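Pasting run37.csv here (CSV, C-alpha atoms):
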chain,number,residue,atom,x,y,z
A,1,MET,CA,-15.0,11.0,7.9
A,2,LYS,CA,-12.0,13.2,7.2
A,3,LEU,CA,-8.7,12.6,5.5
A,4,ALA,CA,-5.5,14.7,5.4
A,5,ILE,CA,-3.7,14.5,2.1
A,6,ASP,CA,-0.1,15.6,1.4
A,7,ALA,CA,-0.8,17.6,-1.8
A,8,MET,CA,2.9,18.2,-2.5
A,9,GLY,CA,4.2,14.6,-2.5
A,10,GLY,CA,4.8,12.5,-5.6
A,11,ASP,CA,6.0,13.0,-9.2
A,12,ASN,CA,2.8,14.6,-10.4
A,13,ALA,CA,2.0,16.8,-7.4
A,14,PRO,CA,0.1,18.9,-6.8
A,15,GLU,CA,-2.0,18.6,-9.9
A,16,ALA,CA,-2.7,14.8,-9.9
A,17,ILE,CA,-3.1,14.8,-6.1
A,18,VAL,CA,-5.6,17.6,-6.0
A,19,LYS,CA,-7.6,16.4,-9.0
A,20,GLY,CA,-7.9,13.0,-7.4
A,21,ALA,CA,-9.0,14.5,-4.1
A,22,VAL,CA,-11.6,16.7,-5.9
A,23,LYS,CA,-13.0,13.7,-7.6
A,24,ALA,CA,-13.2,11.8,-4.3
A,25,ALA,CA,-14.9,14.7,-2.6
A,26,ASP,CA,-17.5,14.6,-5.4
A,27,THR,CA,-18.2,10.9,-5.3
A,28,ILE,CA,-17.7,9.6,-1.8
A,29,ASP,CA,-20.5,10.4,0.6
A,30,GLY,CA,-19.6,11.9,4.0
A,31,LEU,CA,-16.0,12.6,3.1
A,32,SER,CA,-14.1,15.8,4.0
A,33,ILE,CA,-10.6,16.4,2.8
A,34,THR,CA,-7.8,18.6,4.0
A,35,LEU,CA,-5.2,19.2,1.4
A,36,VAL,CA,-1.8,20.1,3.0
A,37,GLY,CA,0.6,22.2,0.9
A,38,ASP,CA,1.2,25.4,-1.0
A,39,GLU,CA,-2.2,27.0,-1.4
A,40,ALA,CA,-1.0,29.1,-4.4
A,41,GLU,CA,-0.1,25.9,-6.3
A,42,ILE,CA,-3.2,23.9,-5.1
A,43,ARG,CA,-5.9,26.5,-5.8
A,44,PRO,CA,-5.9,26.3,-9.6
A,45,PHE,CA,-7.0,22.7,-9.5
A,46,LEU,CA,-9.8,23.1,-6.9
A,47,LYS,CA,-13.5,23.3,-7.5
A,48,ASP,CA,-15.8,25.3,-5.1
A,49,GLN,CA,-16.4,22.4,-2.8
A,50,PRO,CA,-17.3,22.9,0.9
A,51,ASN,CA,-15.8,19.5,1.9
A,52,VAL,CA,-12.3,20.4,0.6
A,53,THR,CA,-10.1,22.7,2.6
A,54,VAL,CA,-6.4,23.7,2.3
A,55,LEU,CA,-3.9,23.8,5.1
A,56,HIS,CA,-1.2,26.0,3.8
A,57,THR,CA,2.5,25.3,4.0
A,58,THR,CA,5.4,25.8,1.6
A,59,GLU,CA,7.8,23.3,3.2
A,60,VAL,CA,8.2,19.9,1.4
A,61,ILE,CA,10.1,16.7,2.1
A,62,THR,CA,11.8,15.6,-1.2
A,63,SER,CA,13.0,12.3,-2.4
A,64,GLU,CA,16.5,13.3,-1.6
A,65,ASP,CA,15.9,14.0,2.1
A,66,GLU,CA,17.0,11.6,4.7
A,67,PRO,CA,13.7,10.3,6.1
A,68,VAL,CA,14.1,10.4,9.8
A,69,ARG,CA,16.0,13.7,9.9
A,70,ALA,CA,13.5,15.3,7.5
A,71,VAL,CA,10.5,14.4,9.6
A,72,ARG,CA,12.2,15.6,12.8
A,73,ARG,CA,13.5,18.9,11.3
A,74,LYS,CA,10.9,19.9,8.8
A,75,LYS,CA,8.0,20.3,11.2
A,76,LYS,CA,6.0,22.4,8.7
A,77,ALA,CA,6.5,20.0,5.7
A,78,SER,CA,3.2,19.0,4.1
A,79,MET,CA,3.7,15.3,4.9
A,80,VAL,CA,4.5,15.9,8.5
A,81,MET,CA,1.5,18.3,8.9
A,82,ALA,CA,-0.8,15.7,7.3
A,83,ALA,CA,0.3,13.1,9.8
A,84,ALA,CA,-0.1,15.7,12.7
A,85,GLU,CA,-3.7,16.2,11.6
A,86,VAL,CA,-4.3,12.5,12.3
A,87,LYS,CA,-2.4,12.6,15.6
A,88,GLU,CA,-4.4,15.6,16.9
A,89,GLY,CA,-7.7,13.9,15.9
A,90,ARG,CA,-8.6,16.4,13.2
A,91,ALA,CA,-8.4,13.6,10.5
A,92,ASP,CA,-9.1,9.9,10.5
A,93,GLY,CA,-6.3,9.0,8.2
A,94,CYS,CA,-3.7,10.4,5.9
A,95,ILE,CA,-2.3,9.8,2.4
A,96,SER,CA,0.9,10.8,0.7
A,97,ALA,CA,2.7,9.9,-2.6
A,98,GLY,CA,5.9,11.4,-1.4
A,99,ASN,CA,9.1,10.0,0.2
A,100,THR,CA,8.3,6.4,1.4
A,101,GLY,CA,10.9,6.4,4.1
A,102,ALA,CA,9.7,9.7,5.4
A,103,LEU,CA,6.1,8.6,5.5
A,104,MET,CA,7.0,5.5,7.4
A,105,SER,CA,8.9,7.7,9.9
A,106,ALA,CA,6.0,10.1,10.2
A,107,GLY,CA,3.7,7.2,10.7
A,108,LEU,CA,5.8,5.8,13.5
A,109,PHE,CA,6.8,9.0,15.3
A,110,ILE,CA,3.7,11.1,14.8
A,111,VAL,CA,0.7,8.8,14.2
A,112,GLY,CA,2.2,6.0,16.3
A,113,ARG,CA,1.8,2.3,16.4
A,114,MET,CA,-1.4,0.5,17.5
A,115,PRO,CA,-1.1,-1.5,20.8
A,116,GLY,CA,0.5,-4.9,20.4
A,117,VAL,CA,2.2,-4.2,17.1
A,118,GLU,CA,6.0,-4.4,17.2
A,119,ARG,CA,6.7,-3.3,13.6
A,120,PRO,CA,4.3,-1.9,11.1
A,121,ALA,CA,4.4,-3.3,7.5
A,122,LEU,CA,4.2,-1.6,4.1
A,123,SER,CA,1.6,-3.5,2.2
A,124,PRO,CA,0.5,-3.0,-1.4
A,125,THR,CA,-2.1,-5.1,-3.2
A,126,LEU,CA,-0.5,-6.6,-6.3
A,127,PRO,CA,-2.2,-7.8,-9.5
A,128,THR,CA,-2.9,-11.5,-10.4
A,129,MET,CA,-4.0,-13.1,-13.7
A,130,ASP,CA,-7.6,-13.5,-12.4
A,131,GLY,CA,-7.9,-9.8,-11.6
A,132,LYS,CA,-8.4,-10.4,-7.9
A,133,GLY,CA,-5.0,-9.4,-6.7
A,134,PHE,CA,-3.1,-10.3,-3.5
A,135,LEU,CA,-1.8,-8.4,-0.5
A,136,MET,CA,2.0,-8.6,0.2
A,137,LEU,CA,3.5,-7.6,3.5
A,138,ASP,CA,6.1,-6.4,4.2
A,139,VAL,CA,7.7,-4.8,1.1
A,140,GLY,CA,10.2,-2.5,2.8
A,141,ALA,CA,9.1,-1.0,6.1
A,142,ASN,CA,11.5,-3.3,7.9
A,143,VAL,CA,14.5,-4.8,6.2
A,144,ASP,CA,15.0,-7.3,9.1
A,145,ALA,CA,12.3,-9.3,10.7
A,146,LYS,CA,11.7,-11.8,13.5
A,147,PRO,CA,9.3,-14.8,13.3
A,148,ALA,CA,6.9,-12.9,15.6
A,149,HIS,CA,6.8,-10.0,13.2
A,150,LEU,CA,5.8,-12.3,10.3
A,151,LEU,CA,3.1,-13.7,12.5
A,152,GLN,CA,1.7,-10.2,13.1
A,153,TYR,CA,1.9,-9.4,9.4
A,154,ALA,CA,-0.1,-12.5,8.6
A,155,VAL,CA,-2.9,-11.6,11.1
A,156,ILE,CA,-3.0,-8.0,9.9
A,157,GLY,CA,-3.1,-9.0,6.3
A,158,SER,CA,-5.8,-11.5,6.8
A,159,ILE,CA,-8.0,-9.1,8.7
A,160,TYR,CA,-7.5,-6.4,6.1
A,161,SER,CA,-8.3,-8.8,3.2
A,162,GLU,CA,-11.4,-10.1,4.9
A,163,ASN,CA,-12.8,-6.7,5.9
A,164,VAL,CA,-11.7,-4.3,3.1
A,165,ARG,CA,-11.1,-6.6,0.1
A,166,ARG,CA,-14.1,-8.7,1.2
A,167,ILE,CA,-12.4,-12.1,0.8
A,168,ASN,CA,-13.9,-14.9,2.8
A,169,LYS,CA,-11.2,-16.8,4.7
A,170,PRO,CA,-8.3,-15.3,2.8
A,171,ARG,CA,-5.5,-17.7,2.0
A,172,VAL,CA,-2.3,-16.7,3.7
A,173,GLY,CA,1.0,-18.0,2.3
A,174,LEU,CA,4.6,-17.6,3.5
A,175,LEU,CA,7.0,-16.6,0.7
A,176,ASN,CA,9.8,-19.2,0.6
A,177,VAL,CA,12.2,-21.0,-1.7
A,178,GLY,CA,10.0,-24.1,-1.9
A,179,THR,CA,6.5,-25.2,-1.0
A,180,GLU,CA,7.5,-28.1,1.2
A,181,ASP,CA,7.3,-27.9,5.0
A,182,GLY,CA,10.7,-27.3,6.5
A,183,LYS,CA,12.1,-25.3,3.6
A,184,GLY,CA,14.0,-22.0,3.9
A,185,SER,CA,16.0,-20.0,6.4
A,186,ASP,CA,15.7,-20.1,10.2
A,187,LEU,CA,13.3,-17.1,9.9
A,188,THR,CA,10.9,-18.8,7.6
A,189,LYS,CA,11.1,-22.2,9.4
A,190,GLN,CA,10.2,-20.6,12.7
A,191,ALA,CA,7.6,-18.4,11.2
A,192,PHE,CA,6.0,-21.4,9.5
A,193,GLN,CA,5.4,-23.0,12.9
A,194,LEU,CA,3.8,-19.8,14.3
A,195,LEU,CA,1.6,-19.3,11.3
A,196,LYS,CA,0.3,-22.9,11.6
A,197,GLU,CA,-1.1,-22.1,15.1
A,198,ALA,CA,-2.4,-18.6,14.2
A,199,PRO,CA,-6.2,-17.8,13.8
A,200,ILE,CA,-5.8,-17.5,10.0
A,201,ASN,CA,-6.3,-19.6,6.9
A,202,PHE,CA,-2.6,-20.5,6.5
A,203,ILE,CA,-1.9,-22.6,3.3
A,204,GLY,CA,1.8,-23.0,3.8
A,205,ASN,CA,4.8,-21.9,1.8
A,206,VAL,CA,4.4,-20.3,-1.6
A,207,GLU,CA,7.0,-19.6,-4.3
A,208,ALA,CA,7.6,-16.2,-6.0
A,209,ARG,CA,6.9,-17.7,-9.5
A,210,ASP,CA,3.3,-18.5,-8.4
A,211,LEU,CA,2.4,-15.0,-7.0
A,212,LEU,CA,0.8,-13.6,-10.1
A,213,ASN,CA,-1.2,-16.8,-10.6
A,214,GLY,CA,-3.1,-16.0,-7.4
A,215,VAL,CA,-1.6,-18.8,-5.2
A,216,ALA,CA,-2.6,-16.8,-2.1
A,217,ASP,CA,-4.7,-13.8,-1.1
A,218,VAL,CA,-2.1,-12.7,1.5
A,219,VAL,CA,1.7,-13.3,1.1
A,220,VAL,CA,3.9,-12.7,4.1
A,221,THR,CA,7.7,-12.1,4.0
A,222,ASP,CA,10.4,-9.9,5.5
A,223,GLY,CA,10.8,-6.3,4.2
A,224,PHE,CA,14.1,-7.1,2.3
A,225,THR,CA,12.7,-10.1,0.4
A,226,GLY,CA,9.3,-8.3,-0.2
A,227,ASN,CA,10.9,-5.2,-1.6
A,228,VAL,CA,13.1,-7.3,-4.0
A,229,ALA,CA,10.0,-9.3,-5.1
A,230,LEU,CA,7.9,-6.1,-5.6
A,231,LYS,CA,10.5,-4.3,-7.7
A,232,THR,CA,11.1,-7.5,-9.7
A,233,ILE,CA,7.4,-7.8,-10.5
A,234,GLU,CA,7.2,-4.1,-11.4
A,235,GLY,CA,10.4,-4.1,-13.5
A,236,THR,CA,9.4,-7.3,-15.4
A,237,ALA,CA,6.0,-5.8,-16.2
A,238,LEU,CA,7.5,-2.5,-17.5
A,239,THR,CA,10.2,-4.4,-19.5
A,240,MET,CA,7.6,-6.7,-21.1
A,241,PHE,CA,5.4,-3.8,-22.2
A,242,SER,CA,8.5,-2.0,-23.6
A,243,MET,CA,9.5,-5.1,-25.6
A,244,MET,CA,5.9,-5.5,-26.9
A,245,LYS,CA,5.8,-1.9,-28.0
A,246,GLU,CA,9.1,-2.2,-29.7
A,247,THR,CA,8.0,-5.4,-31.5
A,248,PHE,CA,4.7,-3.9,-32.6
A,249,MET,CA,6.4,-0.7,-33.9
A,250,SER,CA,9.1,-2.7,-35.9
A,251,SER,CA,7.3,-2.9,-39.3
A,252,TRP,CA,4.1,-1.8,-41.1
A,253,LYS,CA,2.6,-5.2,-40.6
A,254,THR,CA,3.1,-5.2,-36.8
A,255,LYS,CA,1.8,-1.6,-36.6
A,256,ILE,CA,-1.4,-2.8,-38.3
A,257,ALA,CA,-1.6,-5.7,-35.8
A,258,ALA,CA,-1.0,-3.2,-32.9
A,259,GLY,CA,-4.0,-1.1,-34.1
A,260,LEU,CA,-6.2,-4.2,-34.1
A,261,VAL,CA,-5.3,-5.2,-30.5
A,262,LYS,CA,-4.9,-1.7,-29.0
A,263,ASP,CA,-7.9,-1.9,-26.7
A,264,ASP,CA,-6.9,-5.4,-25.5
A,265,LEU,CA,-3.3,-4.3,-24.7
A,266,ARG,CA,-4.7,-1.3,-22.8
A,267,GLY,CA,-6.9,-3.6,-20.7
A,268,LEU,CA,-3.9,-5.9,-20.0
A,269,LYS,CA,-1.8,-2.9,-18.9
A,270,ASN,CA,-4.6,-1.8,-16.5
A,271,GLN,CA,-4.9,-5.3,-15.2
A,272,LEU,CA,-1.2,-5.3,-14.3
A,273,ASP,CA,-1.3,-1.8,-12.7
A,274,TYR,CA,-1.3,-2.2,-9.0
A,275,SER,CA,-2.2,1.4,-8.4
A,276,GLU,CA,-5.7,0.3,-9.5
A,277,TYR,CA,-6.0,-1.4,-6.1
A,278,GLY,CA,-5.1,1.8,-4.2
A,279,GLY,CA,-1.9,2.6,-2.3
A,280,ALA,CA,0.3,0.6,0.0
A,281,GLY,CA,-1.1,0.6,3.5
A,282,LEU,CA,1.2,1.2,6.5
A,283,PHE,CA,-0.5,-1.5,8.5
A,284,GLY,CA,0.0,-1.6,12.3
A,285,LEU,CA,-0.3,2.1,12.9
A,286,ALA,CA,-2.9,3.7,15.2
A,287,SER,CA,-4.8,5.2,12.3
A,288,PRO,CA,-4.9,4.5,8.5
A,289,VAL,CA,-1.8,5.8,6.6
A,290,ILE,CA,-1.7,5.1,2.9
A,291,LYS,CA,1.4,5.4,0.7
A,292,ALA,CA,0.3,6.2,-2.9
A,293,HIS,CA,2.7,5.3,-5.7
A,294,GLY,CA,5.2,8.1,-6.4
A,295,SER,CA,4.0,8.4,-10.0
A,296,SER,CA,0.3,8.3,-9.1
A,297,ASN,CA,-2.1,9.9,-11.5
A,298,GLU,CA,-5.5,11.3,-10.7
A,299,ARG,CA,-7.1,7.8,-10.8
A,300,ALA,CA,-4.5,6.2,-8.6
A,301,VAL,CA,-5.0,9.0,-6.0
A,302,LEU,CA,-8.8,8.5,-6.1
A,303,ASN,CA,-8.3,4.7,-5.5
A,304,ALA,CA,-5.9,5.4,-2.5
A,305,ILE,CA,-8.5,7.7,-1.0
A,306,ARG,CA,-11.2,5.0,-1.4
A,307,GLN,CA,-8.9,2.5,0.3
A,308,ALA,CA,-8.4,4.8,3.2
A,309,CYS,CA,-12.2,5.5,3.5
A,310,GLU,CA,-12.9,1.8,3.6
A,311,MET,CA,-10.4,1.3,6.4
A,312,VAL,CA,-12.0,4.0,8.4
A,313,GLU,CA,-15.6,3.0,7.8
A,314,LEU,CA,-14.9,-0.7,8.6
A,315,ASN,CA,-12.9,0.2,11.7
A,316,VAL,CA,-10.1,-2.1,10.5
A,317,THR,CA,-7.5,-0.6,12.9
A,318,ASP,CA,-9.5,-1.5,16.0
A,319,THR,CA,-10.3,-5.0,14.6
A,320,ILE,CA,-6.6,-5.7,14.0
A,321,ALA,CA,-5.7,-4.4,17.5
A,322,GLY,CA,-8.4,-6.5,19.1
A,323,THR,CA,-7.3,-9.7,17.4
A,324,LEU,CA,-3.6,-9.2,18.3
A,325,SER,CA,-4.6,-8.4,21.9
A,326,ARG,CA,-6.5,-11.7,22.2
A,327,MET,CA,-3.6,-13.6,20.7
A,328,ASN,CA,-1.2,-12.1,23.2
A,329,GLU,CA,-3.6,-12.9,26.1
A,330,LYS,CA,-3.8,-16.5,24.9
A,331,GLU,CA,0.0,-16.8,24.8
A,332,GLU,CA,0.4,-15.4,28.3
A,333,SER,CA,-2.3,-17.7,29.7
A,334,GLU,CA,-0.5,-20.7,28.2
How does the structure come out when it is put into structure tokens?
Amino acid sequence: MKLAIDAMGGDNAPEAIVKGAVKAADTIDGLSITLVGDEAEIRPFLKDQPNVTVLHTTEVITSEDEPVRAVRRKKKASMVMAAAEVKEGRADGCISAGNTGALMSAGLFIVGRMPGVERPALSPTLPTMDGKGFLMLDVGANVDAKPAHLLQYAVIGSIYSENVRRINKPRVGLLNVGTEDGKGSDLTKQAFQLLKEAPINFIGNVEARDLLNGVADVVVTDGFTGNVALKTIEGTALTMFSMMKETFMSSWKTKIAAGLVKDDLRGLKNQLDYSEYGGAGLFGLASPVIKAHGSSNERAVLNAIRQACEMVELNVTDTIAGTLSRMNEKEESE
């Protein structure tokens, strides 16, 4: 199994990316890694490992670049070359913590979609109070969506959750403004009917306020709504920890209290850190493509690599493609 990793993408590149890759190469059996980026910047963080190689390039796609234009014009960019390694069959999947839009473009234009998928979905696993987490898709790959797209997201998410996250009969919910049947926009009403007939464990509509309580294992929505929900969750968590820190540092008594509960607070912060679950998968592409968080540290990179390895080992891409193909054949026969 071989992965191509964009060593220059993300806020902490290349140090955090390379260190995470080095740790993965040490701990994951049968893994070979190609780090794509500036060799002079990468080398200081490498160990003498035969299963880690460097594909040198100095060109990088930045957060300021327009995604589609950058992918088409910067052919030697580290992210583009990592995707090309997958396209040419020299890698089984790729990972980047860089420009999200550019990675989606590279995934579509270079890696390509799997047969039967109309639009890939960007899908992180988010934390829940019980520590199990839930998969949300889409969170921004496609701002607009049709009911058929949400149906595909549901099937893809269910297969991933069952095979990679090892959840038996994952509960699939449709994000909506109420839990009652018939609620929502034309999109959600039509999608609801399609999901009822799909080969998944559909539990109906779910509300945003219940997401972190673990109401569903897979939550399906359009990219606009999903992105707003994702950033609301992330922003609320950051704000709450900031407020707690300010409160604990406000007087000598609260500082003593902070010292007593320091380990518990650190555990709570880790529980709410969705990078612990890996990266956001670009599901629906011909091979695994993982978007690591832009601020990923060494541990987050390691988790994203583990996620990609599991997708390759369990042949998740072919399983998704096969299920969608059977669904399409059934629809045509009816």
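With distances restricted to only C-alpha atoms, A:Tyr153 is the closest residue to Val139 of chain A from A:Phe248, A:Phe109, A:Tyr153, A:Tyr160.
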Find the residue from A:Gly214, A:Gly10, A:Gly20, A:Pro50 that sits nearest to Ser295 of chain A; use only C-alpha atoms when measuring.
A:Gly10
A:Asp217, A:Glu118, A:Glu39, A:Asp181 ranked by distance to Ala148 of chain A, top pick (using only C-alpha atoms):
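Once distances to Ala148 of chain A are computed over only C-alpha atoms, the minimum belongs to A:Glu118.
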Mind dumping a table of every segment 26-85 of chain A residue within 10 Å of segment 299-307 of chain A, with the nearest atom pair and its distance in Å to one decimal, using all atoms listed in the file, sorted by chain and rising number, as a Markdown table?
| residue | atom | partner | partner_atom | distance |
| --- | --- | --- | --- | --- |
| A:Thr27 | CA | A:Leu302 | CA | 9.7 |
| A:Ile28 | CA | A:Arg306 | CA | 8.0 |
| A:Leu31 | CA | A:Ile305 | CA | 9.9 |
| A:Ile33 | CA | A:Ile305 | CA | 9.7 |
Selected residue of minimal separation from Leu187 of chain A among A:Met243, A:Leu151, A:Ala208, A:Ile156, counting only C-alpha atoms:
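Counting only C-alpha atoms, the residue closest to Leu187 of chain A is A:Leu151.
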Met129 of chain A proximity check over A:Val215, A:Ala106, A:Val312, A:Ala7, using all atoms listed in the file: winner is A:Val215
Among listed residues A:Arg119, A:Lys245, A:Arg113, A:Lys189, nearest Ala257 of chain A (using all atoms listed in the file)
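The shortest atom-to-atom distance to Ala257 of chain A comes from A:Lys245.
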Counting all atoms listed in the file, which residues have an atom no more than 12 Å from (8.9, 7.4, 0.4) in the file's coordinates? Please list them as a VMD selection string.
chain A and resid 9 to 11 61 to 68 70 to 71 79 95 to 107 122 140 to 141 280 282 290 to 295
Can you tell me, as a list in words, what residues are no more than 12 Å from Gly116 of chain A when counting all atoms listed in the file, ignoring any on the same chain fewer than 6 positions away?
Ala148, His149, Gln152, Tyr153, Val155, Ile156, Gly284, Leu285, Ala286, Thr317, Asp318, Ile320, Ala321, Gly322, Thr323, Leu324, Ser325, Arg326, Met327, Asn328 and Glu329 of chain A
Spatial neighbours of Ala84 of chain A, max dist 8 Å, only C-alpha atoms, sep filter under 3 positions, as a list of chain:residue names:
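Counting only the stated atoms, we get A:Val80, A:Met81, A:Lys87, A:Glu88, A:Ile110, A:Val111.
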Can you pull out every residue within 7 Å of segment 163-175 of chain A, counting only C-alpha atoms, but drop anything in the same chain fewer than 5 positions away, and send it as number ranges by chain?
A: 154, 158, 201-208, 216-221, 310-311, 314
Point-to-point distance from atom CA of Gly259 of chain A to atom CA of Thr239 of chain A, Å rounded to tenths
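For atom CA of Gly259 of chain A relative to atom CA of Thr239 of chain A, the distance reads 20.6 Å.
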Please provide as an mmCIF file with C-alpha atoms, keeping the file's coordinate frame all residues within 10 Å of Glu313 of chain A, with the sequence filter that same-chain residues fewer than 5 positions apart are discarded (counting all atoms listed in the file).
data_model
loop_
_atom_site.group_PDB
_atom_site.id
_atom_site.type_symbol
_atom_site.label_atom_id
_atom_site.label_comp_id
_atom_site.auth_asym_id
_atom_site.auth_seq_id
_atom_site.Cartn_x
_atom_site.Cartn_y
_atom_site.Cartn_z
ATOM 1 C CA MET A 1 -15.000 11.000 7.900
ATOM 2 C CA ASP A 92 -9.100 9.900 10.500
ATOM 3 C CA VAL A 164 -11.700 -4.300 3.100
ATOM 4 C CA ALA A 308 -8.400 4.800 3.200
#
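Close to (8.9, 24.0, 3.7), meaning no more than 10 Å away when counting only C-alpha atoms, sit the residues Gly37, Asp38, Thr57, Thr58, Glu59, Val60, Ile61, Lys74, Lys75, Lys76, Ala77 and Ser78 of chain A.
Rounded to one decimal, atom CA of Ala121 of chain A and atom CA of Gly279 of chain A lie 13.1 Å from each other.
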One decimal, Å: what's the distance from atom CA of Met114 of chain A over to atom CA of Pro288 of chain A, could you say?
10.5 Å
Start from the incomplete input, build N, CA, C and O atoms for segment 32-44 of chain A, and deliver everything as a short mmCIF file (atom, residue, chain, number, x, y, z; two decimals), in the frame of the given file.
data_model
loop_
_atom_site.label_atom_id
_atom_site.label_comp_id
_atom_site.auth_asym_id
_atom_site.auth_seq_id
_atom_site.Cartn_x
_atom_site.Cartn_y
_atom_site.Cartn_z
N SER A 32 -14.72 14.44 3.99
CA SER A 32 -14.10 15.80 4.00
C SER A 32 -12.62 15.61 3.86
O SER A 32 -12.03 14.69 4.42
N ILE A 33 -12.01 16.48 3.09
CA ILE A 33 -10.60 16.40 2.80
C ILE A 33 -9.85 17.65 3.15
O ILE A 33 -10.32 18.76 2.83
N THR A 34 -8.72 17.49 3.81
CA THR A 34 -7.80 18.60 4.00
C THR A 34 -6.57 18.38 3.18
O THR A 34 -5.84 17.41 3.37
N LEU A 35 -6.34 19.26 2.23
CA LEU A 35 -5.20 19.20 1.40
C LEU A 35 -4.06 20.05 2.03
O LEU A 35 -4.26 21.23 2.30
N VAL A 36 -2.92 19.42 2.28
CA VAL A 36 -1.80 20.10 3.00
C VAL A 36 -0.74 20.45 1.95
O VAL A 36 -0.19 19.56 1.29
N GLY A 37 -0.45 21.75 1.80
CA GLY A 37 0.60 22.20 0.90
C GLY A 37 0.47 23.62 0.50
O GLY A 37 -0.25 24.39 1.16
N ASP A 38 1.17 24.01 -0.54
CA ASP A 38 1.20 25.40 -1.00
C ASP A 38 -0.11 25.80 -1.62
O ASP A 38 -0.45 25.33 -2.70
N GLU A 39 -0.83 26.68 -0.94
CA GLU A 39 -2.20 27.00 -1.40
C GLU A 39 -2.16 27.66 -2.80
O GLU A 39 -3.07 27.42 -3.61
N ALA A 40 -1.13 28.42 -3.11
CA ALA A 40 -1.00 29.10 -4.40
C ALA A 40 -0.93 28.03 -5.54
O ALA A 40 -1.44 28.25 -6.65
N GLU A 41 -0.27 26.91 -5.27
CA GLU A 41 -0.10 25.90 -6.30
C GLU A 41 -1.35 24.93 -6.30
O GLU A 41 -1.66 24.33 -7.33
N ILE A 42 -2.05 24.82 -5.19
CA ILE A 42 -3.20 23.90 -5.10
C ILE A 42 -4.46 24.54 -5.68
O ILE A 42 -5.22 23.86 -6.37
N ARG A 43 -4.69 25.82 -5.42
CA ARG A 43 -5.90 26.50 -5.80
C ARG A 43 -6.35 26.35 -7.26
O ARG A 43 -7.54 26.17 -7.55
N PRO A 44 -5.43 26.42 -8.23
CA PRO A 44 -5.90 26.30 -9.60
C PRO A 44 -6.58 25.03 -9.99
O PRO A 44 -7.30 24.98 -11.00
#
